[in-house]
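What follows is run11.txt (compact mmCIF, C-alpha atoms).
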# COMPACT_ATOMS: atom_id res chain seq x y z
CA MET A 1 -81.93 -184.77 -21.30
CA SER A 2 -78.29 -183.72 -21.34
CA ASP A 3 -75.94 -183.09 -18.45
CA THR A 4 -74.14 -179.77 -18.06
CA ILE A 5 -70.86 -179.14 -16.31
CA ASP A 6 -70.78 -176.26 -13.88
CA THR A 7 -67.44 -174.43 -14.25
CA THR A 8 -68.20 -171.78 -11.65
CA PRO A 9 -65.51 -171.82 -8.93
CA THR A 10 -66.84 -172.91 -5.58
CA ASN A 11 -66.28 -171.08 -2.31
CA ASP A 12 -64.25 -174.02 -1.01
CA GLU A 13 -61.42 -173.31 -3.43
CA ALA A 14 -58.65 -171.50 -1.57
CA PRO A 15 -57.23 -168.43 -3.33
CA PRO A 16 -53.62 -168.71 -4.46
CA ARG A 17 -51.12 -167.57 -1.87
CA ARG A 18 -49.28 -164.31 -2.52
CA LEU A 19 -45.79 -163.46 -1.42
CA VAL A 20 -46.33 -160.16 0.38
CA ARG A 21 -44.74 -158.04 3.07
CA THR A 22 -46.80 -158.50 6.22
CA ASP A 23 -47.46 -156.18 9.13
CA GLU A 24 -48.01 -158.97 11.63
CA GLY A 25 -44.72 -159.88 13.25
CA ARG A 26 -42.69 -157.38 11.24
CA TRP A 27 -39.48 -155.91 12.64
CA LEU A 28 -38.45 -153.61 9.81
CA GLY A 29 -40.08 -153.77 6.39
CA GLY A 30 -42.08 -156.98 6.73
CA VAL A 31 -39.88 -158.91 4.28
CA CYS A 32 -38.79 -161.69 6.64
CA SER A 33 -42.23 -162.11 8.18
CA GLY A 34 -43.73 -162.32 4.67
CA LEU A 35 -41.17 -164.91 3.55
CA GLY A 36 -41.79 -166.90 6.71
CA ARG A 37 -45.55 -166.95 6.19
CA TYR A 38 -45.27 -167.82 2.50
CA PHE A 39 -42.79 -170.68 2.93
CA ASP A 40 -44.17 -171.69 6.36
CA VAL A 41 -40.76 -171.16 7.98
CA ASN A 42 -39.86 -169.27 11.15
CA PRO A 43 -39.05 -165.66 10.07
CA LEU A 44 -36.12 -165.64 12.50
CA ILE A 45 -34.19 -167.84 10.06
CA TYR A 46 -34.46 -165.20 7.34
CA ARG A 47 -33.56 -162.42 9.80
CA ILE A 48 -30.41 -164.26 10.86
CA ALA A 49 -29.47 -164.88 7.21
CA PHE A 50 -29.94 -161.22 6.22
CA ALA A 51 -27.99 -160.03 9.30
CA ALA A 52 -25.12 -162.45 8.65
CA LEU A 53 -24.84 -161.35 5.02
CA ALA A 54 -24.98 -157.70 6.07
CA LEU A 55 -22.09 -158.19 8.50
CA ALA A 56 -20.16 -160.20 5.91
CA GLY A 57 -19.87 -157.21 3.61
CA GLY A 58 -23.19 -155.51 3.07
CA THR A 59 -24.81 -157.95 0.64
CA GLY A 60 -27.61 -158.64 3.11
CA LEU A 61 -28.63 -154.98 3.05
CA LEU A 62 -28.81 -154.95 -0.75
CA LEU A 63 -30.78 -158.18 -0.87
CA TYR A 64 -33.21 -156.94 1.78
CA LEU A 65 -33.68 -153.65 -0.05
CA ALA A 66 -34.29 -155.49 -3.33
CA ALA A 67 -36.85 -157.75 -1.66
CA TYR A 68 -38.55 -154.74 -0.09
CA LEU A 69 -38.89 -153.11 -3.50
CA VAL A 70 -40.14 -156.12 -5.47
CA ILE A 71 -42.40 -157.77 -2.87
CA PRO A 72 -45.74 -155.93 -2.51
CA SER A 73 -47.39 -155.07 0.76
CA GLU A 74 -50.29 -157.27 1.79
CA TYR A 75 -52.56 -154.22 1.40
CA ASP A 76 -51.38 -153.31 -2.12
CA GLU A 77 -51.83 -155.02 -5.45
CA ASP A 78 -48.39 -154.15 -6.85
CA SER A 79 -44.91 -153.71 -5.40
CA ILE A 80 -43.05 -150.43 -5.03
CA ALA A 81 -40.89 -151.29 -8.05
CA VAL A 82 -43.91 -152.01 -10.27
CA GLU A 83 -45.61 -148.79 -9.16
CA ALA A 84 -42.44 -146.82 -9.90
CA LEU A 85 -42.16 -148.38 -13.35
CA ARG A 86 -45.79 -147.56 -14.09
CA ARG A 87 -45.48 -143.94 -12.97
CA ARG A 88 -42.13 -143.34 -14.69
CA ARG A 89 -42.95 -145.15 -17.92
CA GLU A 90 -42.63 -141.97 -19.97
CA GLN A 91 -39.65 -140.56 -17.98
CA PRO A 92 -37.51 -143.53 -16.95
CA TRP A 93 -34.27 -141.65 -16.26
CA LEU A 94 -34.72 -141.68 -12.49
CA LEU A 95 -35.16 -145.44 -12.54
CA VAL A 96 -32.15 -145.81 -14.81
CA GLY A 97 -30.08 -143.76 -12.34
CA VAL A 98 -31.22 -145.89 -9.40
CA GLY A 99 -30.40 -149.03 -11.38
CA LEU A 100 -26.91 -147.74 -12.16
CA LEU A 101 -26.34 -146.94 -8.48
CA ALA A 102 -27.46 -150.44 -7.50
CA PHE A 103 -25.16 -151.93 -10.15
CA GLY A 104 -22.27 -149.84 -8.83
CA ALA A 105 -22.92 -151.04 -5.28
CA LEU A 106 -22.94 -154.67 -6.39
CA PHE A 107 -19.76 -154.12 -8.42
CA ALA A 108 -18.04 -152.53 -5.42
CA LEU A 109 -19.01 -155.47 -3.22
CA SER A 110 -17.80 -157.94 -5.83
CA GLU A 111 -14.40 -156.21 -5.91
CA ALA A 112 -14.02 -156.25 -2.12
CA HIS A 113 -12.22 -159.23 -0.63
CA PHE A 114 -14.16 -159.91 2.56
CA TRP A 115 -13.15 -163.56 2.75
CA PRO A 116 -9.54 -164.15 1.66
CA GLY A 117 -9.09 -166.75 -1.04
CA THR A 118 -12.74 -167.39 -1.92
CA GLY A 119 -12.74 -165.40 -5.13
CA ASN A 120 -16.09 -163.91 -4.10
CA VAL A 121 -17.83 -167.14 -5.11
CA TRP A 122 -20.19 -166.72 -2.16
CA LEU A 123 -21.52 -163.43 -3.61
CA ALA A 124 -22.21 -164.97 -7.01
CA ALA A 125 -23.86 -167.95 -5.32
CA MET A 126 -26.13 -165.71 -3.25
CA LEU A 127 -27.18 -163.67 -6.28
CA ALA A 128 -27.84 -166.80 -8.33
CA GLY A 129 -29.69 -168.40 -5.43
CA GLY A 130 -31.81 -165.28 -4.98
CA ALA A 131 -32.68 -165.32 -8.69
CA LEU A 132 -33.70 -168.99 -8.50
CA VAL A 133 -35.82 -168.40 -5.41
CA TRP A 134 -37.55 -165.43 -7.02
CA TRP A 135 -38.17 -167.47 -10.18
CA HIS A 136 -39.73 -170.20 -8.06
CA VAL A 137 -41.85 -167.71 -6.14
CA SER A 138 -43.03 -165.92 -9.27
CA ASN A 139 -44.13 -169.21 -10.85
CA ARG A 140 -45.59 -170.73 -7.71
CA ASP A 141 -49.34 -171.19 -7.68
CA ARG A 142 -49.56 -169.74 -11.23
CA PRO A 143 -52.48 -171.40 -13.07
CA ALA A 144 -51.79 -173.13 -16.35
CA ARG A 145 -52.93 -171.37 -19.51
CA SER A 146 -55.11 -174.30 -20.59
CA ALA A 147 -56.90 -174.54 -17.25
CA MET A 148 -58.89 -171.34 -17.91
CA PRO A 149 -61.37 -171.13 -20.80
CA ALA A 150 -60.60 -168.62 -23.51
CA GLY A 151 -61.79 -165.12 -22.79
CA GLU A 152 -62.03 -165.69 -19.03
CA THR A 153 -59.66 -164.44 -16.35
CA ALA A 154 -59.03 -165.62 -12.84
CA PRO A 155 -61.09 -163.86 -10.19
CA ARG A 156 -59.19 -161.13 -8.36
CA VAL A 157 -58.51 -161.86 -4.73
CA PRO A 158 -59.85 -159.00 -2.63
CA LEU A 159 -57.18 -157.22 -0.60
CA PRO A 160 -57.70 -156.98 3.16
CA PRO A 161 -58.46 -153.53 4.55
CA ARG A 162 -55.44 -151.60 5.79
CA PRO A 163 -55.47 -151.38 9.60
CA PRO A 164 -54.78 -148.09 11.37
CA ARG A 165 -51.09 -147.22 11.56
CA ARG A 166 -49.54 -148.06 14.90
CA PRO A 167 -47.65 -145.30 16.72
CA SER A 168 -43.86 -145.34 16.45
CA LEU A 169 -41.29 -145.15 19.22
CA PHE A 170 -38.60 -143.65 16.97
CA ALA A 171 -39.14 -140.04 18.09
CA PRO A 172 -39.09 -140.82 21.86
CA ALA A 173 -35.95 -142.95 21.46
CA LEU A 174 -34.22 -140.26 19.40
CA GLY A 175 -35.13 -137.69 22.03
CA ALA A 176 -33.65 -139.89 24.76
CA LEU A 177 -30.42 -140.28 22.75
CA LEU A 178 -30.15 -136.51 22.27
CA ALA A 179 -30.78 -135.94 25.98
CA VAL A 180 -28.07 -138.42 27.01
CA SER A 181 -25.66 -136.92 24.47
CA GLY A 182 -26.35 -133.47 25.89
CA VAL A 183 -25.66 -134.66 29.43
CA PHE A 184 -22.38 -136.29 28.36
CA GLY A 185 -21.36 -133.13 26.51
CA LEU A 186 -22.20 -130.93 29.49
CA LEU A 187 -20.11 -133.12 31.80
CA ALA A 188 -17.17 -132.88 29.40
CA VAL A 189 -17.45 -129.08 29.03
CA LEU A 190 -17.59 -128.61 32.81
CA ASP A 191 -14.54 -130.89 33.27
CA VAL A 192 -16.59 -133.12 35.52
CA TYR A 193 -16.19 -136.34 33.57
CA ASP A 194 -14.79 -137.18 30.13
CA VAL A 195 -16.93 -139.86 28.50
CA ASP A 196 -15.15 -142.21 26.12
CA LEU A 197 -16.72 -142.81 22.74
CA ASP A 198 -17.20 -146.53 23.32
CA VAL A 199 -19.05 -145.80 26.59
CA ALA A 200 -21.34 -143.32 24.83
CA LEU A 201 -22.04 -145.78 22.01
CA ALA A 202 -22.73 -148.56 24.50
CA ALA A 203 -25.22 -146.30 26.28
CA GLY A 204 -26.91 -145.55 22.96
CA VAL A 205 -27.16 -149.26 22.11
CA ALA A 206 -28.67 -149.93 25.55
CA ILE A 207 -31.27 -147.18 25.09
CA ILE A 208 -32.25 -148.40 21.63
CA GLY A 209 -32.41 -152.03 22.78
CA ALA A 210 -34.63 -151.17 25.74
CA THR A 211 -36.92 -149.12 23.49
CA ILE A 212 -37.23 -151.99 21.00
CA ALA A 213 -38.15 -154.36 23.83
CA ILE A 214 -40.80 -151.92 25.06
CA GLY A 215 -42.15 -151.56 21.53
CA ALA A 216 -42.39 -155.33 21.11
CA MET A 217 -44.39 -155.64 24.33
CA THR A 218 -46.69 -152.69 23.59
CA GLN A 219 -47.19 -153.39 19.85
CA ARG A 220 -45.52 -150.12 18.79
CA ARG A 221 -43.58 -149.68 15.56
CA VAL A 222 -39.80 -150.06 16.01
CA GLY A 223 -38.59 -150.63 12.43
CA GLY A 224 -36.49 -147.46 12.27
CA LEU A 225 -35.04 -148.20 15.70
CA VAL A 226 -33.80 -151.61 14.55
CA PHE A 227 -31.84 -149.96 11.72
CA LEU A 228 -30.49 -147.26 14.05
CA GLY A 229 -29.57 -149.85 16.65
CA LEU A 230 -27.60 -151.88 14.10
CA ILE A 231 -25.65 -148.76 13.09
CA LEU A 232 -24.85 -147.93 16.72
CA LEU A 233 -23.92 -151.55 17.42
CA ALA A 234 -21.53 -151.63 14.46
CA ALA A 235 -19.98 -148.34 15.57
CA PHE A 236 -19.60 -149.66 19.11
CA GLY A 237 -17.94 -152.84 17.86
CA LEU A 238 -15.49 -150.79 15.81
CA ALA A 239 -14.73 -148.49 18.76
CA ALA A 240 -14.30 -151.41 21.16
CA ALA A 241 -11.99 -153.24 18.76
CA THR A 242 -9.56 -150.35 18.38
CA PRO A 243 -6.79 -150.11 20.99
CA VAL A 244 -7.20 -146.33 21.39
CA SER A 245 -10.29 -144.20 21.85
CA ILE A 246 -11.05 -141.43 19.35
CA SER A 247 -10.80 -139.03 22.28
CA ALA A 248 -7.00 -139.56 22.09
CA GLY A 249 -6.92 -137.20 19.12
CA VAL A 250 -7.60 -136.93 15.40
CA GLY A 251 -5.20 -135.81 12.66
CA GLU A 252 -1.44 -135.93 12.19
CA LYS A 253 0.82 -136.13 15.23
CA GLY A 254 4.60 -136.14 15.31
CA GLU A 255 6.74 -137.05 18.34
CA ARG A 256 10.56 -136.68 18.32
CA PRO A 257 12.14 -136.94 21.77
CA LEU A 258 15.79 -135.88 21.84
CA ALA A 259 16.83 -137.23 25.24
CA SER A 260 16.02 -140.28 27.34
CA ASP A 261 14.44 -138.16 30.10
CA THR A 262 11.89 -136.81 27.59
CA LEU A 263 11.02 -140.27 26.31
CA GLN A 264 7.49 -141.17 27.38
CA PRO A 265 6.40 -144.73 28.14
CA SER A 266 3.43 -144.55 25.75
CA TYR A 267 2.25 -142.60 22.71
CA GLU A 268 -1.24 -142.82 21.22
CA LEU A 269 -3.56 -141.28 18.65
CA GLY A 270 -7.23 -141.95 17.98
CA VAL A 271 -7.55 -141.43 14.22
CA GLY A 272 -4.86 -140.28 11.81
CA GLU A 273 -1.09 -140.66 11.41
CA LEU A 274 1.30 -140.93 14.35
CA SER A 275 5.01 -140.52 13.59
CA LEU A 276 7.35 -141.49 16.44
CA ASP A 277 11.02 -140.72 15.71
CA LEU A 278 13.38 -142.29 18.26
CA GLY A 279 16.46 -142.03 16.05
CA GLU A 280 18.11 -139.26 18.10
CA VAL A 281 17.39 -140.72 21.55
CA VAL A 282 20.29 -142.18 23.49
CA ILE A 283 18.75 -145.30 25.02
CA PRO A 284 20.13 -145.86 28.56
CA SER A 285 21.68 -149.16 29.57
CA GLY A 286 19.26 -151.88 30.46
CA THR A 287 15.77 -152.26 29.02
CA THR A 288 13.54 -149.40 27.94
CA HIS A 289 9.88 -150.14 27.15
CA VAL A 290 7.79 -147.95 24.83
CA ASP A 291 4.17 -148.42 23.70
CA ALA A 292 2.72 -146.77 20.57
CA SER A 293 -0.93 -147.15 19.56
CA VAL A 294 -3.26 -145.79 16.87
CA GLY A 295 -6.97 -146.53 16.70
CA VAL A 296 -7.49 -146.03 12.96
CA GLY A 297 -4.70 -144.84 10.68
CA HIS A 298 -0.95 -145.12 10.16
CA LEU A 299 1.77 -145.66 12.78
CA LEU A 300 5.35 -144.88 11.71
CA ILE A 301 8.20 -145.57 14.16
CA THR A 302 11.89 -144.86 13.60
CA VAL A 303 14.26 -146.76 15.91
CA PRO A 304 17.90 -145.83 16.67
CA GLU A 305 20.96 -147.66 15.39
CA GLY A 306 23.08 -149.97 17.53
CA VAL A 307 20.51 -150.88 20.20
CA ALA A 308 19.01 -154.32 20.63
CA LEU A 309 15.37 -154.45 19.55
CA GLU A 310 12.43 -156.46 20.86
CA ILE A 311 9.49 -155.42 18.70
CA ASP A 312 5.94 -156.76 18.93
CA ALA A 313 3.53 -155.20 16.40
CA GLN A 314 -0.09 -156.09 15.73
CA ALA A 315 -2.82 -154.65 13.50
CA GLY A 316 -6.44 -155.74 13.84
CA ILE A 317 -7.06 -155.14 10.13
CA GLY A 318 -4.22 -153.85 7.96
CA GLN A 319 -0.49 -154.33 7.37
CA VAL A 320 2.57 -154.66 9.59
CA ASP A 321 6.06 -153.92 8.22
CA ILE A 322 8.88 -154.36 10.74
CA LEU A 323 12.23 -153.61 9.11
CA GLY A 324 11.12 -155.36 5.91
CA LYS A 325 9.32 -158.27 7.58
CA ARG A 326 5.65 -157.97 6.61
CA ASP A 327 2.27 -159.40 7.45
CA ASP A 328 -1.17 -158.20 6.40
CA GLY A 329 -4.84 -159.07 6.62
CA VAL A 330 -6.90 -159.68 9.72
CA ASP A 331 -4.92 -159.87 12.98
CA ALA A 332 -1.65 -159.08 11.22
CA HIS A 333 1.21 -159.69 13.67
CA ARG A 334 4.98 -159.59 13.68
CA ALA A 335 7.42 -160.20 16.55
CA VAL A 336 11.05 -159.35 15.78
CA SER A 337 14.18 -159.70 17.94
CA ILE A 338 17.39 -158.04 16.69
CA PRO A 339 20.65 -158.10 18.69
CA GLY A 340 22.58 -154.89 19.32
CA SER A 341 25.91 -153.86 17.91
CA THR A 342 27.64 -155.04 21.13
CA PRO A 343 26.74 -157.75 23.65
CA ASP A 344 26.03 -155.14 26.35
CA ALA A 345 24.01 -152.81 24.08
CA PRO A 346 20.84 -151.30 25.61
CA VAL A 347 17.53 -153.00 24.78
CA LEU A 348 14.51 -151.17 23.36
CA GLU A 349 11.25 -153.05 23.86
CA LEU A 350 8.69 -151.64 21.45
CA GLU A 351 5.03 -152.59 21.41
CA ALA A 352 2.99 -151.20 18.50
CA ASP A 353 -0.77 -151.60 18.04
CA VAL A 354 -3.20 -150.39 15.39
CA GLY A 355 -6.89 -151.24 15.25
CA ILE A 356 -7.39 -150.56 11.54
CA GLY A 357 -4.44 -149.36 9.45
CA ASN A 358 -0.72 -149.87 8.95
CA ILE A 359 2.37 -150.14 11.17
CA GLU A 360 5.80 -149.35 9.77
CA VAL A 361 9.08 -149.58 11.71
CA LEU A 362 12.29 -148.20 10.16
CA ARG A 363 15.92 -147.72 11.18
CA SER A 364 17.15 -144.14 11.48

For this file, write the structure as structure tokens.
Amino acid sequence: MSDTIDTTPTNDEAPPRRLVRTDEGRWLGGVCSGLGRYFDVNPLIYRIAFAALALAGGTGLLLYLAAYLVIPSEYDEDSIAVEALRRRREQPWLLVGVGLLAFGALFALSEAHFWPGTGNVWLAAMLAGGALVWWHVSNRDRPARSAMPAGETAPRVPLPPRPPRRPSLFAPALGALLAVSGVFGLLAVLDVYDVDLDVALAAGVAIIGATIAIGAMTQRRVGGLVFLGLILLAAFGLAAATPVSISAGVGEKGERPLASDTLQPSYELGVGELSLDLGEVVIPSGTTHVDASVGVGHLLITVPEGVALEIDAQAGIGQVDILGKRDDGVDAHRAVSIPGSTPDAPVLELEADVGIGNIEVLRS
């Protein structure tokens, strides 16, 4: 009598884990929830990491998109990228074009200096780290070649049935945004109330946030709303950071007062180039204060000869050039004090602000 060895896999053997995009707990594409389930880590950690990289220059968006393309859904055998390669095997030009676009986006990000002085080492580190993680994931739980007898293949793990698609709240939220925009526009046309852009964007962010909260409580799909909410939030942050609302005007604006009684205390422009020429103004004795602000663009100021100058210029992001004294980068600032031609010369106090752009002050 001889003993035989049963090589049939038992039911107690757990199937190898797959890195997939999950529907349970997903916020957008299921990438973070899938990574969290695979590595047994809270998905919020991955969401915070992707969001931080997205705000740091857009790399998080590219990494998330790449993960969405290469990680399959839990209800599919292959990823979107693999399916596209299979379908376009004979005509690969579309895939080549998409690859070139992705390469161009990465090249543009690598050329941008989001963090001064780092040499973009963080971007190379993230790309290398992502490649290492994907290499680890692709080789994880992969059976050795010698563990399987020749001519036999590992049993295919059956895919779970796809559940019915949950209703989305994107259309109701978009309808609410359009309705609020229509009300704001009607109030502006009727001269009842002029709504600033930052107020309108804040209202849009509030509507999207409330809709996402409702969707989370009612198990509705809110993935598109998360993306739309991030766009509105970024636009609101940009509008709130600029010293002037876009409603102050867009384009090129030139101001050239010729007398002190026509000199206004403040000049502003929302987006564009504001040129303020004070070279012909006779500044009265004492102190004269003038403010000039541009939300996004270029501010050019020409000051008269002979007067004492007290200039305070600041740019949120950009360059400040005050009579040859420069500063650039984030929160660029210059404060200059120049005495007049005589001890009793009039004083011109000039305050210049630009949210994003350049400030240039010249002598006439």

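Counting only C-alpha atoms, the residue from A:Thr218, A:Ser341, A:Ser293, A:Ser79 that sits nearest to Leu309 of chain A is A:Ser341.
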
Identify, on the basis of only C-alpha atoms, every residue whose closest approach to Ile317 of chain A does not exceed 8 Å; exclude the query and any residue fewer than 6 positions from it along the same chain; express the result as a short mmCIF file (atom, residue, chain, number, x, y, z; two decimals) with C-alpha atoms, keeping the file's coordinate frame.
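To be explicit, this is the file written out as selection-v7.cif:
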data_model
loop_
_atom_site.label_atom_id
_atom_site.label_comp_id
_atom_site.auth_asym_id
_atom_site.auth_seq_id
_atom_site.Cartn_x
_atom_site.Cartn_y
_atom_site.Cartn_z
CA ASP A 328 -1.17 -158.20 6.40
CA GLY A 329 -4.84 -159.07 6.62
CA VAL A 330 -6.90 -159.68 9.72
CA ASP A 331 -4.92 -159.87 12.98
CA ALA A 332 -1.65 -159.08 11.22
CA GLY A 355 -6.89 -151.24 15.25
CA ILE A 356 -7.39 -150.56 11.54
CA GLY A 357 -4.44 -149.36 9.45
#

One decimal, in Å: what's the spacing between atom CA of Val20 of chain A and atom CA of Ile48 of chain A? 19.5 Å

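Put simply, atom CA of Ala203 of chain A is 15.0 Å away from atom CA of Leu238 of chain A.
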
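If you look at atom CA of Asn358 of chain A and atom CA of Gly279 of chain A, they are 20.2 Å away from each other.
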
Test item: residues at most 8 Å from Gly229 of chain A, only C-alpha atoms, excluding those fewer than 6 positions along its chain, as a compact mmCIF listing (two decimals) with C-alpha atoms, in the coordinates of the input:
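What follows is the written file selection_30.txt:
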# COMPACT_ATOMS: atom_id res chain seq x y z
CA VAL A 205 -27.16 -149.26 22.11
CA ILE A 208 -32.25 -148.40 21.63
CA GLY A 209 -32.41 -152.03 22.78

Which residue of A:Val307, A:Ile359, A:Ala315, A:Ala259 approaches Glu273 of chain A most closely, using all atoms listed in the file: A:Ile359

Restricting the calculation to only C-alpha atoms: of A:Ser285, A:Ser364, A:Gln219, A:Thr302, which residue gets closest to Gly254 of chain A?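 Using only C-alpha atoms, the shortest distance to Gly254 of chain A belongs to A:Thr302.
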
Val281 of chain A environment, 12 Å, all atoms listed in the file, sequence neighbours closer than 5 positions dropped, as an MDAnalysis selection string: chainID A and resid 255:264 276 288 302:307 346 348 364

For the selection you just gave me, I'd like the residues written to a file as an mmCIF file, keeping the file's coordinate frame, keeping C-alpha atoms.
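Everything below was put into out.cif:
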data_model
loop_
_atom_site.group_PDB
_atom_site.id
_atom_site.type_symbol
_atom_site.label_atom_id
_atom_site.label_comp_id
_atom_site.auth_asym_id
_atom_site.auth_seq_id
_atom_site.Cartn_x
_atom_site.Cartn_y
_atom_site.Cartn_z
ATOM 1 C CA GLU A 255 6.740 -137.050 18.340
ATOM 2 C CA ARG A 256 10.560 -136.680 18.320
ATOM 3 C CA PRO A 257 12.140 -136.940 21.770
ATOM 4 C CA LEU A 258 15.790 -135.880 21.840
ATOM 5 C CA ALA A 259 16.830 -137.230 25.240
ATOM 6 C CA SER A 260 16.020 -140.280 27.340
ATOM 7 C CA ASP A 261 14.440 -138.160 30.100
ATOM 8 C CA THR A 262 11.890 -136.810 27.590
ATOM 9 C CA LEU A 263 11.020 -140.270 26.310
ATOM 10 C CA GLN A 264 7.490 -141.170 27.380
ATOM 11 C CA LEU A 276 7.350 -141.490 16.440
ATOM 12 C CA THR A 288 13.540 -149.400 27.940
ATOM 13 C CA THR A 302 11.890 -144.860 13.600
ATOM 14 C CA VAL A 303 14.260 -146.760 15.910
ATOM 15 C CA PRO A 304 17.900 -145.830 16.670
ATOM 16 C CA GLU A 305 20.960 -147.660 15.390
ATOM 17 C CA GLY A 306 23.080 -149.970 17.530
ATOM 18 C CA VAL A 307 20.510 -150.880 20.200
ATOM 19 C CA PRO A 346 20.840 -151.300 25.610
ATOM 20 C CA LEU A 348 14.510 -151.170 23.360
ATOM 21 C CA SER A 364 17.150 -144.140 11.480
#

Would you list the contacts of Tyr193 of chain A as a PDB file with C-alpha atoms, in the coordinates of the input, taking every protein, DNA or RNA residue within 12 Å and counting only C-alpha atoms, but skipping same-chain residues closer than 6 positions in sequence?
ATOM      1  CA  VAL A 183     -25.660-134.660  29.430  1.00  0.00           C
ATOM      2  CA  PHE A 184     -22.380-136.290  28.360  1.00  0.00           C
ATOM      3  CA  GLY A 185     -21.360-133.130  26.510  1.00  0.00           C
ATOM      4  CA  LEU A 186     -22.200-130.930  29.490  1.00  0.00           C
ATOM      5  CA  LEU A 187     -20.110-133.120  31.800  1.00  0.00           C
TER       6      LEU A 187
END

Please determine, counting all atoms listed in the file, which residue among A:Ser73, A:Thr287, A:Thr211, A:Thr59 has the shortest atom-to-atom distance to Pro172 of chain A.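 The shortest atom-to-atom distance to Pro172 of chain A comes from A:Thr211.
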
What's around Ala200 of chain A at 12 Å? Count only C-alpha atoms, leave out sequence neighbours fewer than 3 positions away in its own chain, and write the answer as JSON, numbers by chain. {"A": [177, 178, 180, 181, 182, 183, 184, 185, 194, 195, 196, 197, 203, 204, 205, 206, 207, 232, 233, 235, 236, 239, 240, 245, 246, 247]}

Best match for closeness to Val290 of chain A among A:Ala49, A:Leu278, A:Leu174, A:Val354, counting all atoms listed in the file: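 Smallest distance to Val290 of chain A is found for A:Leu278.
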
So, counting only C-alpha atoms, which residue among A:Val336, A:Ala51, A:Val41, A:Cys32 is closest to Leu230 of chain A?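 With only C-alpha atoms as the atom set, the closest residue is A:Ala51.
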
Name the residues within 10 Å of (-50.3, -151.8, 5.7), counting all atoms listed in the file in the file's coordinates, and put them as a PyMOL selection string. chain A and resi 21-24+30+73-76+160-166
